[in-house]
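Q: To be precise about what I am sending: the file is called target-v2.pdb and holds PDB, C-alpha atoms.
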ATOM      1  CA  MET G   1     108.952 110.800 103.612
ATOM      2  CA  ARG G   2     109.903 107.188 103.065
ATOM      3  CA  THR G   3     112.861 105.790 104.968
ATOM      4  CA  PRO G   4     115.680 103.594 103.587
ATOM      5  CA  GLU G   5     114.174 100.563 105.363
ATOM      6  CA  GLN G   6     111.040 100.890 103.228
ATOM      7  CA  HIS G   7     113.041 101.366 100.045
ATOM      8  CA  THR G   8     113.274  97.941  98.352
ATOM      9  CA  PRO G   9     113.415  98.573  94.592
ATOM     10  CA  GLU G  10     113.722  95.971  91.907
ATOM     11  CA  PRO G  11     117.134  95.973  90.184
ATOM     12  CA  ARG G  12     117.084  98.205  87.119
ATOM     13  CA  ASN G  13     119.746  99.241  84.648
ATOM     14  CA  PRO G  14     120.382 102.986  84.016
ATOM     15  CA  GLU G  15     118.456 102.935  80.726
ATOM     16  CA  GLU G  16     115.302 101.603  82.421
ATOM     17  CA  VAL G  17     115.534 104.228  85.173
ATOM     18  CA  PHE G  18     116.006 107.002  82.628
ATOM     19  CA  ASP G  19     112.938 105.857  80.683
ATOM     20  CA  LEU G  20     110.774 105.848  83.823
ATOM     21  CA  PHE G  21     111.665 109.476  84.586
ATOM     22  CA  LYS G  22     111.256 110.889  81.065
ATOM     23  CA  LEU G  23     108.093 112.906  81.688
ATOM     24  CA  SER G  24     108.393 114.832  78.427
ATOM     25  CA  SER G  25     109.962 112.137  76.253
ATOM     26  CA  SER G  26     108.434 110.267  73.327
ATOM     27  CA  PRO G  27     105.243 108.687  74.747
ATOM     28  CA  VAL G  28     104.763 104.958  75.114
ATOM     29  CA  ARG G  29     100.972 105.139  74.781
ATOM     30  CA  VAL G  30      98.744 107.994  73.689
ATOM     31  CA  SER G  31      94.954 108.077  73.802
ATOM     32  CA  GLY G  32      92.353 110.701  72.925
ATOM     33  CA  THR G  33      91.805 112.849  69.862
ATOM     34  CA  ARG G  34      91.379 116.378  71.210
ATOM     35  CA  VAL G  35      94.149 118.729  72.300
ATOM     36  CA  GLY G  36      93.715 120.051  75.835
ATOM     37  CA  VAL G  37      95.431 123.082  77.366
ATOM     38  CA  ASN G  38      96.283 123.099  81.091
ATOM     39  CA  ALA G  39      94.300 119.889  81.512
ATOM     40  CA  LYS G  40      94.406 118.323  84.962
ATOM     41  CA  PHE G  41      95.349 114.665  85.396
ATOM     42  CA  ALA G  42      91.973 113.616  86.814
ATOM     43  CA  ALA G  43      90.009 115.703  84.301
ATOM     44  CA  VAL G  44      91.599 113.957  81.315
ATOM     45  CA  GLY G  45      90.815 110.412  82.421
ATOM     46  CA  ASN G  46      87.249 110.054  81.134
ATOM     47  CA  THR G  47      87.346 112.409  78.139
ATOM     48  CA  ASP G  48      88.601 112.438  74.562
ATOM     49  CA  ILE G  49      91.414 114.870  75.464
ATOM     50  CA  CYS G  50      94.774 113.617  74.236
ATOM     51  CA  ARG G  51      96.497 111.822  77.102
ATOM     52  CA  VAL G  52     100.056 110.553  77.368
ATOM     53  CA  ASP G  53     100.244 107.580  79.732
ATOM     54  CA  LYS G  54     103.072 108.340  82.164
ATOM     55  CA  SER G  55     101.870 106.030  84.933
ATOM     56  CA  LEU G  56     105.199 104.172  84.912
ATOM     57  CA  PHE G  57     106.607 107.283  86.530
ATOM     58  CA  CYS G  58     105.000 106.098  89.795
ATOM     59  CA  ILE G  59     107.267 103.060  89.962
ATOM     60  CA  GLY G  60     110.268 105.137  88.916
ATOM     61  CA  PHE G  61     109.516 107.569  91.729
ATOM     62  CA  TRP G  62     109.192 104.777  94.289
ATOM     63  CA  ASP G  63     112.301 102.895  93.203
ATOM     64  CA  GLU G  64     114.734 105.737  92.660
ATOM     65  CA  ILE G  65     113.823 108.592  95.013
ATOM     66  CA  ASN G  66     115.026 107.618  98.480
ATOM     67  CA  GLU G  67     114.451 110.001 101.397
ATOM     68  CA  SER G  68     114.131 113.077  99.153
ATOM     69  CA  GLY G  69     114.460 114.041  95.526
ATOM     70  CA  ARG G  70     113.731 116.750  92.992
ATOM     71  CA  ILE G  71     112.139 116.688  89.557
ATOM     72  CA  CYS G  72     113.795 119.541  87.665
ATOM     73  CA  LEU G  73     112.259 120.123  84.239
ATOM     74  CA  PRO G  74     111.395 123.187  82.073
ATOM     75  CA  ARG G  75     108.052 124.955  82.198
ATOM     76  CA  ARG G  76     105.106 123.172  80.574
ATOM     77  CA  SER G  77     106.798 119.780  80.758
ATOM     78  CA  GLY G  78     104.165 118.204  83.006
ATOM     79  CA  LYS G  79     105.650 118.455  86.509
ATOM     80  CA  THR G  80     102.414 119.423  88.278
ATOM     81  CA  TYR G  81     100.368 117.023  86.133
ATOM     82  CA  ASN G  82     102.577 114.100  87.108
ATOM     83  CA  LEU G  83     102.817 115.173  90.746
ATOM     84  CA  ILE G  84      99.028 114.960  90.950
ATOM     85  CA  GLN G  85      99.292 111.551  89.286
ATOM     86  CA  LEU G  86     101.624 110.451  92.119
ATOM     87  CA  LEU G  87      99.175 111.848  94.676
ATOM     88  CA  LEU G  88      96.163 110.080  93.198
ATOM     89  CA  PHE G  89      98.059 106.818  92.856
ATOM     90  CA  PHE G  90      99.688 106.577  96.293
ATOM     91  CA  SER G  91      97.402 108.509  98.637
ATOM     92  CA  MET G  92      95.120 106.554 100.969
ATOM     93  CA  ALA G  93      92.930 109.645 101.503
ATOM     94  CA  PRO G  94      89.967 110.204  99.141
ATOM     95  CA  GLU G  95      91.590 113.320  97.559
ATOM     96  CA  LYS G  96      88.204 114.671  96.469
ATOM     97  CA  PRO G  97      89.552 118.212  95.686
ATOM     98  CA  HIS G  98      91.675 116.748  92.871
ATOM     99  CA  LEU G  99      88.913 114.661  91.256
ATOM    100  CA  ASP G 100      86.963 116.461  88.534
ATOM    101  CA  THR G 101      85.359 113.293  87.160
ATOM    102  CA  SER G 102      81.553 113.220  87.346
ATOM    103  CA  ASP G 103      79.842 110.539  89.437
ATOM    104  CA  SER G 104      78.254 109.094  86.301
ATOM    105  CA  ALA G 105      81.701 107.985  85.082
ATOM    106  CA  ILE G 106      81.653 105.260  87.767
ATOM    107  CA  GLU G 107      79.031 103.453  85.677
ATOM    108  CA  GLU G 108      81.931 102.352  83.455
ATOM    109  CA  LEU G 109      82.991 100.073  86.327
ATOM    110  CA  GLY G 110      79.654  98.269  86.276
ATOM    111  CA  ARG G 111      77.821 100.279  88.967
ATOM    112  CA  SER G 112      74.260 101.428  88.375
ATOM    113  CA  ALA G 113      73.095 105.003  88.840
ATOM    114  CA  GLU G 114      71.133 103.931  91.926
ATOM    115  CA  GLN G 115      74.192 102.219  93.441
ATOM    116  CA  ILE G 116      76.261 105.346  92.826
ATOM    117  CA  ARG G 117      73.669 107.569  94.529
ATOM    118  CA  GLN G 118      73.878 105.414  97.658
ATOM    119  CA  MET G 119      77.693 105.498  97.859
ATOM    120  CA  ASP G 120      79.533 107.653 100.382
ATOM    121  CA  VAL G 121      82.131 110.209  99.273
ATOM    122  CA  ALA G 122      85.143 108.003 100.052
ATOM    123  CA  THR G 123      83.800 105.108  97.965
ATOM    124  CA  LYS G 124      83.044 107.366  95.006
ATOM    125  CA  CYS G 125      86.552 108.831  95.156
ATOM    126  CA  ARG G 126      88.192 105.405  95.299
ATOM    127  CA  LEU G 127      86.209 104.206  92.286
ATOM    128  CA  LYS G 128      86.991 107.356  90.294
ATOM    129  CA  ARG G 129      90.686 106.852  90.982
ATOM    130  CA  THR G 130      90.397 103.177  90.049
ATOM    131  CA  LEU G 131      88.908 104.357  86.754
ATOM    132  CA  LEU G 132      91.812 106.761  86.169
ATOM    133  CA  PHE G 133      94.363 103.936  86.350
ATOM    134  CA  LYS G 134      92.152 101.125  84.982
ATOM    135  CA  ASP G 135      93.940 100.754  81.632
ATOM    136  CA  SER G 136      97.289 102.228  82.659
ATOM    137  CA  LEU G 137     100.662 100.840  81.661
ATOM    138  CA  LEU G 138     101.558 100.620  85.339
ATOM    139  CA  LYS G 139      98.673  98.282  86.107
ATOM    140  CA  GLU G 140      99.288  96.300  82.929
ATOM    141  CA  LYS G 141     103.056  95.821  83.272
ATOM    142  CA  HIS G 142     103.611  95.928  87.059
ATOM    143  CA  ARG G 143     100.446  94.472  88.612
ATOM    144  CA  ALA G 144     102.163  93.381  91.854
ATOM    145  CA  PHE G 145     103.517  96.892  92.453
ATOM    146  CA  PHE G 146     100.146  98.383  91.545
ATOM    147  CA  ASP G 147      98.213  96.192  93.977
ATOM    148  CA  GLU G 148     100.709  96.828  96.798
ATOM    149  CA  HIS G 149     100.857 100.622  96.580
ATOM    150  CA  PHE G 150      97.662 101.886  94.946
ATOM    151  CA  MET G 151      95.834 104.168  97.421
ATOM    152  CA  ASN G 152      97.843 102.702 100.290
ATOM    153  CA  HIS G 153     100.068 105.489 101.674
ATOM    154  CA  PRO G 154      99.605 108.764 103.578
ATOM    155  CA  VAL G 155     100.569 111.651 101.291
ATOM    156  CA  ILE G 156     100.970 115.331 102.129
ATOM    157  CA  HIS G 157     100.726 117.486  99.009
ATOM    158  CA  ILE G 158     101.667 121.168  99.242
ATOM    159  CA  SER G 159     101.693 123.571  96.297
ATOM    160  CA  PHE G 160     103.622 126.844  96.518
ATOM    161  CA  SER G 161     102.445 128.032  93.096
ATOM    162  CA  VAL G 162     100.580 131.073  94.482
ATOM    163  CA  CYS G 163     103.416 132.277  96.729
ATOM    164  CA  LYS G 164     104.250 135.353  94.656
ATOM    165  CA  ARG G 165     102.543 138.084  96.642
ATOM    166  CA  THR G 166     103.783 141.386  98.052
ATOM    167  CA  PRO G 167     104.634 142.971 100.462
ATOM    168  CA  ALA G 168     106.735 140.648 102.631
ATOM    169  CA  SER G 169     104.022 140.068 105.239
ATOM    170  CA  VAL G 170     101.470 139.049 102.607
ATOM    171  CA  PHE G 171     104.083 136.834 100.958
ATOM    172  CA  LEU G 172     104.802 135.016 104.228
ATOM    173  CA  ALA G 173     101.073 134.650 104.807
ATOM    174  CA  SER G 174     100.783 132.988 101.373
ATOM    175  CA  ILE G 175     103.362 130.395 102.471
ATOM    176  CA  CYS G 176     101.180 129.691 105.492
ATOM    177  CA  ASP G 177      98.131 129.535 103.202
ATOM    178  CA  ALA G 178      99.721 126.737 101.177
ATOM    179  CA  ILE G 179     100.512 124.652 104.261
ATOM    180  CA  ALA G 180      97.177 125.415 105.935
ATOM    181  CA  THR G 181      95.347 124.235 102.802
ATOM    182  CA  ALA G 182      97.132 120.878 103.042
ATOM    183  CA  ALA G 183      96.409 120.687 106.776
ATOM    184  CA  ASN G 184      92.716 121.455 106.371
ATOM    185  CA  ASN G 185      92.462 118.863 103.611
ATOM    186  CA  TRP G 186      93.848 116.253 105.988
ATOM    187  CA  LEU G 187      91.466 117.267 108.773
ATOM    188  CA  LYS G 188      88.549 116.832 106.373
ATOM    189  CA  GLN G 189      89.763 113.560 104.911
ATOM    190  CA  TYR G 190      91.235 111.466 107.723
ATOM    191  CA  PRO G 191      87.797 110.480 109.131
ATOM    192  CA  LEU G 192      87.004 108.990 105.700
ATOM    193  CA  ILE G 193      90.029 106.668 105.641
ATOM    194  CA  GLU G 194      89.089 103.096 106.446
ATOM    195  CA  GLY G 195      90.795 101.770 109.576
ATOM    196  CA  VAL G 196      92.007 105.176 110.780
ATOM    197  CA  LYS G 197      90.574 106.288 114.121
ATOM    198  CA  VAL G 198      91.781 109.459 115.805
ATOM    199  CA  GLY G 199      89.954 110.616 118.928
ATOM    200  CA  ASN G 200      89.145 114.270 119.554
ATOM    201  CA  THR G 201      91.487 114.207 122.557
ATOM    202  CA  ASN G 202      94.489 113.115 120.492
ATOM    203  CA  ILE G 203      97.370 115.479 121.314
ATOM    204  CA  TYR G 204      98.603 115.705 117.697
ATOM    205  CA  LEU G 205      95.131 116.499 116.403
ATOM    206  CA  GLN G 206      94.644 119.171 119.071
ATOM    207  CA  THR G 207      98.049 120.724 118.314
ATOM    208  CA  LEU G 208      97.277 120.948 114.594
ATOM    209  CA  GLN G 209      93.866 122.474 115.247
ATOM    210  CA  LYS G 210      95.387 124.985 117.686
ATOM    211  CA  THR G 211      98.115 125.986 115.220
ATOM    212  CA  LEU G 212      95.531 126.522 112.478
ATOM    213  CA  THR G 213      93.527 128.708 114.866
ATOM    214  CA  ILE G 214      96.627 130.813 115.588
ATOM    215  CA  TYR G 215      97.190 131.183 111.845
ATOM    216  CA  ASN G 216      93.574 132.194 111.163
ATOM    217  CA  ASP G 217      93.806 134.867 113.868
ATOM    218  CA  ALA G 218      97.197 136.066 112.601
ATOM    219  CA  ARG G 219      95.841 136.711 109.103
ATOM    220  CA  TYR G 220      94.016 139.773 110.429
ATOM    221  CA  ASP G 221      97.337 141.277 111.494
ATOM    222  CA  ALA G 222      98.647 141.536 107.926
ATOM    223  CA  LYS G 223     100.984 144.502 108.390
ATOM    224  CA  GLU G 224     102.893 142.862 111.233
ATOM    225  CA  PHE G 225     102.657 139.287 109.971
ATOM    226  CA  ALA G 226     106.312 138.926 108.919
ATOM    227  CA  SER G 227     107.739 140.368 112.136
ATOM    228  CA  LYS G 228     105.358 138.692 114.591
ATOM    229  CA  TYR G 229     104.768 135.330 112.932
ATOM    230  CA  ALA G 230     108.009 134.509 111.116
ATOM    231  CA  SER G 231     108.053 131.029 112.657
ATOM    232  CA  LEU G 232     104.408 130.219 111.881
ATOM    233  CA  PRO G 233     105.097 128.378 108.569
ATOM    234  CA  MET G 234     107.412 125.992 110.428
ATOM    235  CA  GLN G 235     104.875 125.523 113.257
ATOM    236  CA  LEU G 236     102.130 124.738 110.755
ATOM    237  CA  PHE G 237     104.185 122.179 108.885
ATOM    238  CA  ILE G 238     105.574 120.505 112.011
ATOM    239  CA  SER G 239     102.100 120.135 113.509
ATOM    240  CA  LEU G 240     100.773 118.732 110.220
ATOM    241  CA  SER G 241     103.769 116.388 109.869
ATOM    242  CA  GLU G 242     103.415 115.080 113.421
ATOM    243  CA  PHE G 243      99.662 114.580 113.059
ATOM    244  CA  VAL G 244      99.957 112.552 109.843
ATOM    245  CA  GLY G 245     103.166 110.778 110.856
ATOM    246  CA  GLU G 246     102.041 109.766 114.340
ATOM    247  CA  CYS G 247      98.329 109.158 113.738
ATOM    248  CA  ILE G 248      98.302 107.755 110.195
ATOM    249  CA  GLY G 249     101.829 106.542 109.425
ATOM    250  CA  LYS G 250     105.034 107.442 107.620
ATOM    251  CA  TYR G 251     104.062 109.637 104.715
ATOM    252  CA  ILE G 252     105.136 110.759 101.274
ATOM    253  CA  LEU G 253     105.635 114.523 100.998
ATOM    254  CA  LEU G 254     105.016 116.082  97.577
ATOM    255  CA  LEU G 255     106.048 119.729  97.152
ATOM    256  CA  ASP G 256     104.894 121.418  93.965
ATOM    257  CA  GLU G 257     106.567 124.635  92.740
ATOM    258  CA  TYR G 258     108.873 124.651  95.771
ATOM    259  CA  ASP G 259     111.219 127.071  93.970
ATOM    260  CA  VAL G 260     108.567 129.775  93.433
ATOM    261  CA  PRO G 261     108.809 131.375  96.910
ATOM    262  CA  PHE G 262     112.619 131.302  96.793
ATOM    263  CA  ILE G 263     112.737 133.062  93.426
ATOM    264  CA  HIS G 264     110.095 135.592  94.419
ATOM    265  CA  SER G 265     111.678 136.450  97.772
ATOM    266  CA  HIS G 266     115.055 137.107  96.134
ATOM    267  CA  LEU G 267     113.796 139.104  93.149
ATOM    268  CA  GLU G 268     111.214 141.212  94.973
ATOM    269  CA  SER G 269     112.504 144.670  95.975
ATOM    270  CA  TRP G 270     110.853 144.980  99.374
ATOM    271  CA  SER G 271     111.659 148.293 101.026
ATOM    272  CA  ASP G 272     112.232 146.827 104.483
ATOM    273  CA  LYS G 273     115.509 144.913 104.100
ATOM    274  CA  LYS G 274     115.367 143.506 107.617
ATOM    275  CA  GLU G 275     111.902 142.118 106.995
ATOM    276  CA  LYS G 276     113.056 140.638 103.689
ATOM    277  CA  LYS G 277     115.955 138.896 105.402
ATOM    278  CA  GLU G 278     113.633 137.474 108.077
ATOM    279  CA  VAL G 279     111.277 136.104 105.443
ATOM    280  CA  GLN G 280     114.124 134.519 103.474
ATOM    281  CA  SER G 281     115.508 132.988 106.653
ATOM    282  CA  SER G 282     112.081 131.566 107.582
ATOM    283  CA  LEU G 283     111.707 130.083 104.127
ATOM    284  CA  LYS G 284     115.137 128.452 104.286
ATOM    285  CA  VAL G 285     114.419 126.885 107.695
ATOM    286  CA  LEU G 286     111.002 125.662 106.476
ATOM    287  CA  ILE G 287     112.478 123.825 103.479
ATOM    288  CA  GLN G 288     115.228 122.354 105.686
ATOM    289  CA  ILE G 289     112.570 120.984 108.039
ATOM    290  CA  MET G 290     110.556 119.584 105.144
ATOM    291  CA  PHE G 291     113.538 117.730 103.683
ATOM    292  CA  LYS G 292     114.911 116.604 107.048
TER     293      LYS G 292
END
Just give me the structure as structure tokens.
A:
Amino acid sequence: MRTPEQHTPEPRNPEEVFDLFKLSSSPVRVSGTRVGVNAKFAAVGNTDICRVDKSLFCIGFWDEINESGRICLPRRSGKTYNLIQLLLFFSMAPEKPHLDTSDSAIEELGRSAEQIRQMDVATKCRLKRTLLFKDSLLKEKHRAFFDEHFMNHPVIHISFSVCKRTPASVFLASICDAIATAANNWLKQYPLIEGVKVGNTNIYLQTLQKTLTIYNDARYDAKEFASKYASLPMQLFISLSEFVGECIGKYILLLDEYDVPFIHSHLESWSDKKEKKEVQSSLKVLIQIMFK
């Protein structure tokens, strides 16, 4: 998370701030001719799918959300879409799992097919993301902000959208799944970040790898997962947080669908009340740690 010392926004009046955060308001710029359903941010970029340019949300996020903040909007209003937009704008990692654009799209930036074939994964990802924001309102209207922050920050992105499983042990394991996915993504991507060097003997790297090993072993003990490994979600996140924070730098944490596990754990009628209480307690502590 960013700290107050890093938070140096330009002065804005309330109307400007409100406009920057209106994800589902009247669009400023619309492109494309075809209606798309459940279209991902990166998938829309190089197609004729109708796209509403909400890139100014990136500067609204940076200026107005201090140490933590929530985006509370109704279903189908574009929360996940715009969270991925924040990820692909700010993150210094390649973020290959979120890029659906074909390699051939890079030709639009003046690269030949032969040049593209010779590129490494990180370079291809950076160029695809450059293409996504090439004609954006953010780049057009706030070029200094764009150049300072584009692909220049560590970002941890965790989605809790699939944390709706039963019974309690499987539900808790799904929380761990979400965090482990983010951790594994970082382990795959950090070697591709220019200027970042983390040796195999680094204590934070070893701790994260060890915690992931514990989690992978624990998954085979599904029936006893909630009672034996109630603290594992916190251990996973802390080890991931320390690895990114200490080895890469202060990071932005993006939590998608953070309310899903809370709603599910309260509405689900698990037979073991003690186990349910333990799971709810673990979830509460996890979120407290994340927003600390």
Q: Identify which of the residues G:Leu86, G:Leu131, G:Met92, G:Ile106 lies closest to G:Met119, counting only C-alpha atoms when measuring atom-to-atom distances.
A: G:Ile106
Q: Just checking: using all atoms listed in the file, which residue out of G:Lys141, G:His149, G:Arg126, G:His157 ends up closest to G:Thr80?
A: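 Using all atoms listed in the file, the shortest distance to G:Thr80 belongs to G:His157.
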Q: Could you check which of G:Arg129, G:Thr123, G:Leu137, G:His153 is closest to G:Phe90, using only C-alpha atoms?
A: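 Result for the nearest residue to G:Phe90: G:His153.
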Q: Could you spell out the hits of the PyMOL selection byres ((chain G and resi 189-206) around 7) on the shown file, as a compact mmCIF listing (two decimals) with C-alpha atoms, in the coordinates of the input?
A:
# COMPACT_ATOMS: atom_id res chain seq x y z
CA MET G 92 95.12 106.55 100.97
CA ALA G 93 92.93 109.64 101.50
CA PRO G 94 89.97 110.20 99.14
CA ALA G 122 85.14 108.00 100.05
CA ASN G 185 92.46 118.86 103.61
CA TRP G 186 93.85 116.25 105.99
CA LEU G 187 91.47 117.27 108.77
CA LYS G 188 88.55 116.83 106.37
CA THR G 207 98.05 120.72 118.31
CA LEU G 208 97.28 120.95 114.59
CA GLN G 209 93.87 122.47 115.25
CA LYS G 210 95.39 124.98 117.69
CA GLU G 242 103.42 115.08 113.42
CA PHE G 243 99.66 114.58 113.06
CA CYS G 247 98.33 109.16 113.74
CA ILE G 248 98.30 107.76 110.20
Q: Quick one: of G:Glu275, G:Leu255, G:Glu268, G:Lys250, who's nearest to G:Lys228, counting only C-alpha atoms?
A: G:Glu275
Q: Identify all residues satisfying the PyMOL selection byres ((chain G and resi 251) around 9) in the given file; provide them as a PDB file with C-alpha atoms, keeping the file's coordinate frame.
A:
ATOM      1  CA  MET G   1     108.952 110.800 103.612  1.00  0.00           C
ATOM      2  CA  ARG G   2     109.903 107.188 103.065  1.00  0.00           C
ATOM      3  CA  HIS G 153     100.068 105.489 101.674  1.00  0.00           C
ATOM      4  CA  PRO G 154      99.605 108.764 103.578  1.00  0.00           C
ATOM      5  CA  VAL G 155     100.569 111.651 101.291  1.00  0.00           C
ATOM      6  CA  ILE G 156     100.970 115.331 102.129  1.00  0.00           C
ATOM      7  CA  SER G 241     103.769 116.388 109.869  1.00  0.00           C
ATOM      8  CA  VAL G 244      99.957 112.552 109.843  1.00  0.00           C
ATOM      9  CA  GLY G 245     103.166 110.778 110.856  1.00  0.00           C
ATOM     10  CA  ILE G 248      98.302 107.755 110.195  1.00  0.00           C
ATOM     11  CA  GLY G 249     101.829 106.542 109.425  1.00  0.00           C
ATOM     12  CA  LYS G 250     105.034 107.442 107.620  1.00  0.00           C
ATOM     13  CA  ILE G 252     105.136 110.759 101.274  1.00  0.00           C
ATOM     14  CA  LEU G 253     105.635 114.523 100.998  1.00  0.00           C
TER      15      LEU G 253
END
Q: Taking the file as I've supplied it (selection: the PyMOL selection byres ((chain G and resi 282) around 8)), which residues are included? Please answer as an MDAnalysis selection string.
A: chainID G and resid 230:231 233:234 278:281 283:286
Q: Env of G:Phe146: 12 Å cut, atoms = only C-alpha atoms, seq-sep filter 4 positions within chain, self excluded. Answer as a PyMOL selection string.
A: chain G and resi 55-56+58-59+62+89-90+130+133-142+150-152
Q: How about saving the chosen residues, C-alpha atoms kept, as a JSON list (two decimals), in the frame of the given file?
A:
[["chain", "number", "residue", "atom", "x", "y", "z"],
["G", 55, "SER", "CA", 101.87, 106.03, 84.93],
["G", 56, "LEU", "CA", 105.20, 104.17, 84.91],
["G", 58, "CYS", "CA", 105.00, 106.10, 89.80],
["G", 59, "ILE", "CA", 107.27, 103.06, 89.96],
["G", 62, "TRP", "CA", 109.19, 104.78, 94.29],
["G", 89, "PHE", "CA", 98.06, 106.82, 92.86],
["G", 90, "PHE", "CA", 99.69, 106.58, 96.29],
["G", 130, "THR", "CA", 90.40, 103.18, 90.05],
["G", 133, "PHE", "CA", 94.36, 103.94, 86.35],
["G", 134, "LYS", "CA", 92.15, 101.12, 84.98],
["G", 135, "ASP", "CA", 93.94, 100.75, 81.63],
["G", 136, "SER", "CA", 97.29, 102.23, 82.66],
["G", 137, "LEU", "CA", 100.66, 100.84, 81.66],
["G", 138, "LEU", "CA", 101.56, 100.62, 85.34],
["G", 139, "LYS", "CA", 98.67, 98.28, 86.11],
["G", 140, "GLU", "CA", 99.29, 96.30, 82.93],
["G", 141, "LYS", "CA", 103.06, 95.82, 83.27],
["G", 142, "HIS", "CA", 103.61, 95.93, 87.06],
["G", 150, "PHE", "CA", 97.66, 101.89, 94.95],
["G", 151, "MET", "CA", 95.83, 104.17, 97.42],
["G", 152, "ASN", "CA", 97.84, 102.70, 100.29]]
Q: Could you jot down the atom CA of G:Leu87 to atom CA of G:Ala42 separation for me, Å, one decimal place?
A: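 Result for atom CA of G:Leu87 versus atom CA of G:Ala42: 10.8 Å, one decimal.
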Q: Work out how far apart atom CA of G:His266 and atom CA of G:Gln235 are and give it in Å to one decimal.
A: 23.0 Å
Q: At what distance in Å, to one decimal, does atom CA of G:Leu83 lie from atom CA of G:Lys128?
A: 17.7 Å
Q: May I ask which of the residues G:Ser159, G:Phe41, G:Leu267, G:Gln115 is the closest one to G:Leu88, counting all atoms listed in the file?
A: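 Checking each candidate against G:Leu88, we get G:Phe41 as the closest.
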Q: Can you fill out stretch 55-60 of chain G with all heavy atoms and hand it back as a PDB file, in the coordinates of the input?
A:
ATOM      1  N   SER G  55     102.076 106.686  83.636  1.00  0.00           N
ATOM      2  CA  SER G  55     101.870 106.030  84.933  1.00  0.00           C
ATOM      3  C   SER G  55     103.101 105.259  85.410  1.00  0.00           C
ATOM      4  O   SER G  55     103.264 105.040  86.614  1.00  0.00           O
ATOM      5  CB  SER G  55     100.671 105.080  84.860  1.00  0.00           C
ATOM      6  OG  SER G  55     100.850 104.103  83.848  1.00  0.00           O
ATOM      7  N   LEU G  56     103.983 104.873  84.493  1.00  0.00           N
ATOM      8  CA  LEU G  56     105.199 104.172  84.912  1.00  0.00           C
ATOM      9  C   LEU G  56     106.104 105.064  85.746  1.00  0.00           C
ATOM     10  O   LEU G  56     107.005 104.582  86.429  1.00  0.00           O
ATOM     11  CB  LEU G  56     105.970 103.654  83.687  1.00  0.00           C
ATOM     12  CG  LEU G  56     105.290 102.545  82.886  1.00  0.00           C
ATOM     13  CD1 LEU G  56     106.151 102.143  81.695  1.00  0.00           C
ATOM     14  CD2 LEU G  56     105.013 101.323  83.758  1.00  0.00           C
ATOM     15  N   PHE G  57     105.842 106.367  85.696  1.00  0.00           N
ATOM     16  CA  PHE G  57     106.607 107.283  86.530  1.00  0.00           C
ATOM     17  C   PHE G  57     106.418 106.976  88.007  1.00  0.00           C
ATOM     18  O   PHE G  57     107.309 107.231  88.827  1.00  0.00           O
ATOM     19  CB  PHE G  57     106.180 108.722  86.237  1.00  0.00           C
ATOM     20  CG  PHE G  57     106.862 109.749  87.107  1.00  0.00           C
ATOM     21  CD1 PHE G  57     108.231 109.934  87.044  1.00  0.00           C
ATOM     22  CD2 PHE G  57     106.132 110.523  87.988  1.00  0.00           C
ATOM     23  CE1 PHE G  57     108.853 110.871  87.845  1.00  0.00           C
ATOM     24  CE2 PHE G  57     106.748 111.457  88.792  1.00  0.00           C
ATOM     25  CZ  PHE G  57     108.118 111.633  88.717  1.00  0.00           C
ATOM     26  N   CYS G  58     105.263 106.423  88.385  1.00  0.00           N
ATOM     27  CA  CYS G  58     105.000 106.098  89.795  1.00  0.00           C
ATOM     28  C   CYS G  58     106.005 105.085  90.326  1.00  0.00           C
ATOM     29  O   CYS G  58     106.510 105.215  91.445  1.00  0.00           O
ATOM     30  CB  CYS G  58     103.576 105.554  89.955  1.00  0.00           C
ATOM     31  SG  CYS G  58     102.271 106.732  89.565  1.00  0.00           S
ATOM     32  N   ILE G  59     106.309 104.062  89.512  1.00  0.00           N
ATOM     33  CA  ILE G  59     107.267 103.060  89.962  1.00  0.00           C
ATOM     34  C   ILE G  59     108.690 103.605  89.908  1.00  0.00           C
ATOM     35  O   ILE G  59     109.530 103.269  90.743  1.00  0.00           O
ATOM     36  CB  ILE G  59     107.132 101.753  89.134  1.00  0.00           C
ATOM     37  CG1 ILE G  59     107.837 100.607  89.858  1.00  0.00           C
ATOM     38  CG2 ILE G  59     107.662 101.908  87.725  1.00  0.00           C
ATOM     39  CD1 ILE G  59     107.544  99.233  89.251  1.00  0.00           C
ATOM     40  N   GLY G  60     108.954 104.493  88.951  1.00  0.00           N
ATOM     41  CA  GLY G  60     110.268 105.137  88.916  1.00  0.00           C
ATOM     42  C   GLY G  60     110.493 106.009  90.130  1.00  0.00           C
ATOM     43  O   GLY G  60     111.570 106.005  90.730  1.00  0.00           O
TER      44      GLY G  60
END
